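Student: Quick one: the structure is below, questions incoming.
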Amino acid sequence: MIWVFSQTASKKPTLASSRSWEGLSPVEKDKYVDMQELTALIRDEIANLMGDDAPVQPFDFTKKPYVVLVVGVNGVGKTTTIGKLASMLRKQGKKVVIGAADTFRAAAVDQLCVWAERAGADIVKQAMGADPASVAFDTVKSAVAKDADVVLIDTAGRLHNRVDLMNELTKIRNVISRVVPDAPHEVLLVLDGSTGQNAFIQAREFSKATDVTAMAITKLDGSAKGGVVVGIADTYKFPIKFVGIGEGIEDLKVFDKKEFVEDLFKLEDIQ
């Protein structure tokens with residue numbers, strides 16, 4: 001999408017777009033708008049690209065346990081997001097079991113253990129180098145035995161190529177469905193909102209490797225606003241369910257589209 005801004009003799013901005021939308025008809029018909037109206041137009045169109053306005057419902061708790069497979073490359077905040085999400089769910093009174101299925105990195109397992117303790121969640125892990133699918137299977141089996149509400153399974157952030165990734169995630173899906181037939185109920189892709197085009201590439205690769213159902217966008221504190229996720233949401237139709245806004249355990253929020261778009265396009269930024 002290409003936005004073209006120009007100034008008329010009256011110093012009021014006009015707007016043209018590479019795509020034609022009904023919402024832009026006042027501008028496309030060469031009617032002038034002031035900055036406030038222009039900002040509202042941009043916000044409306046960006047919001048339209050990001051799906052409907054229904055409030056985000058993170059999980060369907062009628063399914064028990066609700067199994068979430070968390071995917072994403074190393075460094076995007078995947079493990080941290082799992083910890084924050086576990087804390088959010090525990091505060092809602094939910095029993096949470098975390099599966100440390102990224103068995104290729106000792107740091108990932110250690111970090112997840114710390115987050116699980118802070119959140120008050122149970123964790124299932126095995127020795128380094130163990131079969132990730134085995135960890136996932138044990139995690140879901142433990143969750144069923146403990147009558148847990150939610151299962152959060154961490155996965156490897158970096159495999160050699162897309163075929164490896166696809167095979168690994170497919171194997172995990174197959175083994176956990178033996179315990180909970182319709183699991184996983186969610187495949188949550190974690191993306192770093194500050195990485196720009198790299199996030200788009202990651203979304204493309206993971207969408208080819210597995211059935212991504214939703215996104216969590218991290219590192220939206222500071223100057224990073226995560227504008228790239230607008231294009232990702234429009235292209236792949238993945239709903240955004242969570243946003244990370246800081247390093248603290250409380251710094252994960254359920255996604256609010258209106259708030260996100262207003263922050264993305266502030267009047268003072270355009271001026």
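We name chains A, B, ... following the order of the structure tokens; residues begin at 1 in each chain, and ligands are numbered from 1 as shown.
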Show me, as a list in words, the residues that have an atom within 10 Å of Ala136 of chain A when counting only C-alpha atoms, minus same-chain residues fewer than 3 positions from it.
Tutor: Leu69, Ile98, Gly99, Ala100, Ala101, Asp102, Val124, Lys125, Asp131, Pro132, Ala133, Thr139, Val140, Lys141, Ser142, Val151, Leu152, Ile153, Asp154, Thr155, Lys171, Ile172, Arg173, Val175 and Ile176 of chain A
Student: Please return as a PyMOL selection string: the residues of segment 104-234 of chain A that backbone DSSP assigns to helix (DSSP H, G or I).
Tutor: chain A and resi 106-119+132-145+162-176+197-209+228-234
Student: Using only C-alpha atoms, which of the listed residues (A:Leu85, A:Ala108, A:Leu188, A:Val261) sits closest to Thr213 of chain A?
Tutor: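 Closest to Thr213 of chain A, using only C-alpha atoms: A:Leu188.
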Student: Pick out the residues sitting within 7 Å of Gly83 of chain A, and hand them over as a ChimeraX atom specification; count only C-alpha atoms, and ignore anything fewer than 5 positions along from it in its own chain.
Tutor: /A:112,115-116,119
Student: Pull the strand (DSSP E) assignments for segment 117-247 of chain A out of DSSP run on the backbone, and list those residues as a ChimeraX atom specification.
Tutor: /A:122-124,150-154,186-192,214-218,240-244
Student: Could you save the residues just selected, with N, CA, C and O atoms, as a JSON list (two decimals), in the first residue's frame?
Tutor:
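Generated output (again_20.json):
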[["chain", "number", "residue", "atom", "x", "y", "z"],
["A", 122, "ASP", "N", 3.22, -24.87, 36.60],
["A", 122, "ASP", "CA", 3.99, -26.10, 36.57],
["A", 122, "ASP", "C", 4.79, -26.16, 35.27],
["A", 122, "ASP", "O", 4.39, -25.58, 34.25],
["A", 123, "ILE", "N", 5.91, -26.87, 35.29],
["A", 123, "ILE", "CA", 6.71, -27.01, 34.08],
["A", 123, "ILE", "C", 7.14, -28.45, 33.90],
["A", 123, "ILE", "O", 7.43, -29.16, 34.87],
["A", 124, "VAL", "N", 7.13, -28.89, 32.65],
["A", 124, "VAL", "CA", 7.59, -30.24, 32.29],
["A", 124, "VAL", "C", 8.81, -30.07, 31.40],
["A", 124, "VAL", "O", 8.78, -29.34, 30.40],
["A", 150, "VAL", "N", -4.81, -24.72, 30.92],
["A", 150, "VAL", "CA", -4.06, -24.28, 29.74],
["A", 150, "VAL", "C", -2.69, -24.94, 29.71],
["A", 150, "VAL", "O", -2.04, -25.09, 30.74],
["A", 151, "VAL", "N", -2.25, -25.31, 28.49],
["A", 151, "VAL", "CA", -0.92, -25.83, 28.26],
["A", 151, "VAL", "C", -0.20, -24.88, 27.30],
["A", 151, "VAL", "O", -0.74, -24.53, 26.24],
["A", 152, "LEU", "N", 1.00, -24.45, 27.68],
["A", 152, "LEU", "CA", 1.82, -23.59, 26.82],
["A", 152, "LEU", "C", 3.10, -24.34, 26.48],
["A", 152, "LEU", "O", 3.89, -24.65, 27.37],
["A", 153, "ILE", "N", 3.29, -24.65, 25.21],
["A", 153, "ILE", "CA", 4.45, -25.46, 24.80],
["A", 153, "ILE", "C", 5.43, -24.60, 24.02],
["A", 153, "ILE", "O", 5.11, -24.08, 22.94],
["A", 154, "ASP", "N", 6.63, -24.46, 24.57],
["A", 154, "ASP", "CA", 7.71, -23.75, 23.89],
["A", 154, "ASP", "C", 8.30, -24.67, 22.82],
["A", 154, "ASP", "O", 8.34, -25.89, 23.00],
["A", 186, "GLU", "N", -4.35, -23.76, 19.49],
["A", 186, "GLU", "CA", -3.77, -22.49, 19.02],
["A", 186, "GLU", "C", -2.31, -22.71, 18.68],
["A", 186, "GLU", "O", -1.59, -23.43, 19.38],
["A", 187, "VAL", "N", -1.89, -22.12, 17.54],
["A", 187, "VAL", "CA", -0.46, -22.03, 17.21],
["A", 187, "VAL", "C", -0.14, -20.54, 17.20],
["A", 187, "VAL", "O", -0.53, -19.81, 16.30],
["A", 188, "LEU", "N", 0.54, -20.11, 18.26],
["A", 188, "LEU", "CA", 0.79, -18.69, 18.48],
["A", 188, "LEU", "C", 2.18, -18.32, 17.98],
["A", 188, "LEU", "O", 3.19, -18.79, 18.51],
["A", 189, "LEU", "N", 2.24, -17.48, 16.96],
["A", 189, "LEU", "CA", 3.50, -17.02, 16.40],
["A", 189, "LEU", "C", 3.93, -15.74, 17.11],
["A", 189, "LEU", "O", 3.20, -14.76, 17.12],
["A", 190, "VAL", "N", 5.13, -15.77, 17.70],
["A", 190, "VAL", "CA", 5.66, -14.59, 18.39],
["A", 190, "VAL", "C", 6.59, -13.85, 17.44],
["A", 190, "VAL", "O", 7.53, -14.43, 16.89],
["A", 191, "LEU", "N", 6.34, -12.56, 17.26],
["A", 191, "LEU", "CA", 7.15, -11.72, 16.38],
["A", 191, "LEU", "C", 7.64, -10.50, 17.15],
["A", 191, "LEU", "O", 6.92, -9.95, 17.99],
["A", 192, "ASP", "N", 8.86, -10.08, 16.83],
["A", 192, "ASP", "CA", 9.45, -8.88, 17.41],
["A", 192, "ASP", "C", 8.96, -7.68, 16.60],
["A", 192, "ASP", "O", 9.28, -7.54, 15.42],
["A", 214, "ALA", "N", -2.61, -17.39, 15.30],
["A", 214, "ALA", "CA", -2.64, -16.07, 15.95],
["A", 214, "ALA", "C", -1.21, -15.58, 16.16],
["A", 214, "ALA", "O", -0.25, -16.34, 16.02],
["A", 215, "MET", "N", -1.09, -14.29, 16.49],
["A", 215, "MET", "CA", 0.22, -13.67, 16.72],
["A", 215, "MET", "C", 0.28, -12.99, 18.08],
["A", 215, "MET", "O", -0.73, -12.49, 18.59],
["A", 216, "ALA", "N", 1.49, -12.96, 18.62],
["A", 216, "ALA", "CA", 1.82, -12.11, 19.77],
["A", 216, "ALA", "C", 2.97, -11.22, 19.32],
["A", 216, "ALA", "O", 3.96, -11.72, 18.78],
["A", 217, "ILE", "N", 2.84, -9.93, 19.51],
["A", 217, "ILE", "CA", 3.85, -8.97, 19.07],
["A", 217, "ILE", "C", 4.59, -8.44, 20.28],
["A", 217, "ILE", "O", 3.98, -7.91, 21.21],
["A", 218, "THR", "N", 5.92, -8.60, 20.28],
["A", 218, "THR", "CA", 6.71, -8.20, 21.43],
["A", 218, "THR", "C", 7.48, -6.91, 21.17],
["A", 218, "THR", "O", 7.55, -6.42, 20.05],
["A", 240, "ILE", "N", -4.03, -10.72, 15.80],
["A", 240, "ILE", "CA", -3.08, -10.40, 16.87],
["A", 240, "ILE", "C", -3.83, -10.58, 18.19],
["A", 240, "ILE", "O", -4.88, -9.97, 18.39],
["A", 241, "LYS", "N", -3.28, -11.38, 19.09],
["A", 241, "LYS", "CA", -3.97, -11.62, 20.36],
["A", 241, "LYS", "C", -3.28, -10.95, 21.54],
["A", 241, "LYS", "O", -3.95, -10.58, 22.51],
["A", 242, "PHE", "N", -1.95, -10.81, 21.47],
["A", 242, "PHE", "CA", -1.23, -10.24, 22.61],
["A", 242, "PHE", "C", -0.14, -9.29, 22.13],
["A", 242, "PHE", "O", 0.40, -9.46, 21.04],
["A", 243, "VAL", "N", 0.18, -8.30, 22.96],
["A", 243, "VAL", "CA", 1.30, -7.40, 22.69],
["A", 243, "VAL", "C", 2.14, -7.28, 23.95],
["A", 243, "VAL", "O", 1.62, -7.18, 25.06],
["A", 244, "GLY", "N", 3.46, -7.34, 23.77],
["A", 244, "GLY", "CA", 4.40, -7.16, 24.87],
["A", 244, "GLY", "C", 4.89, -5.72, 24.88],
["A", 244, "GLY", "O", 5.33, -5.20, 23.85]]
Student: From the options A:Ala233, A:Ala127, A:Val68, A:Leu165, which residue's atoms come nearest to Phe206 of chain A, counting only C-alpha atoms?
Tutor: A:Leu165
Student: Considering only C-alpha atoms, can you say which of A:Pro239, A:Glu259, A:Lys91, A:Pro184 comes closest to Asp52 of chain A?
Tutor: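 Using only C-alpha atoms, the shortest distance to Asp52 of chain A belongs to A:Pro239.
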Student: Pick out the closest residue to Gln202 of chain A from this set: A:Gln57, A:Lys84, A:Asn174, A:Ile232. Count only C-alpha atoms.
Tutor: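 Of the candidates, the smallest distance to Gln202 of chain A is held by A:Ile232.
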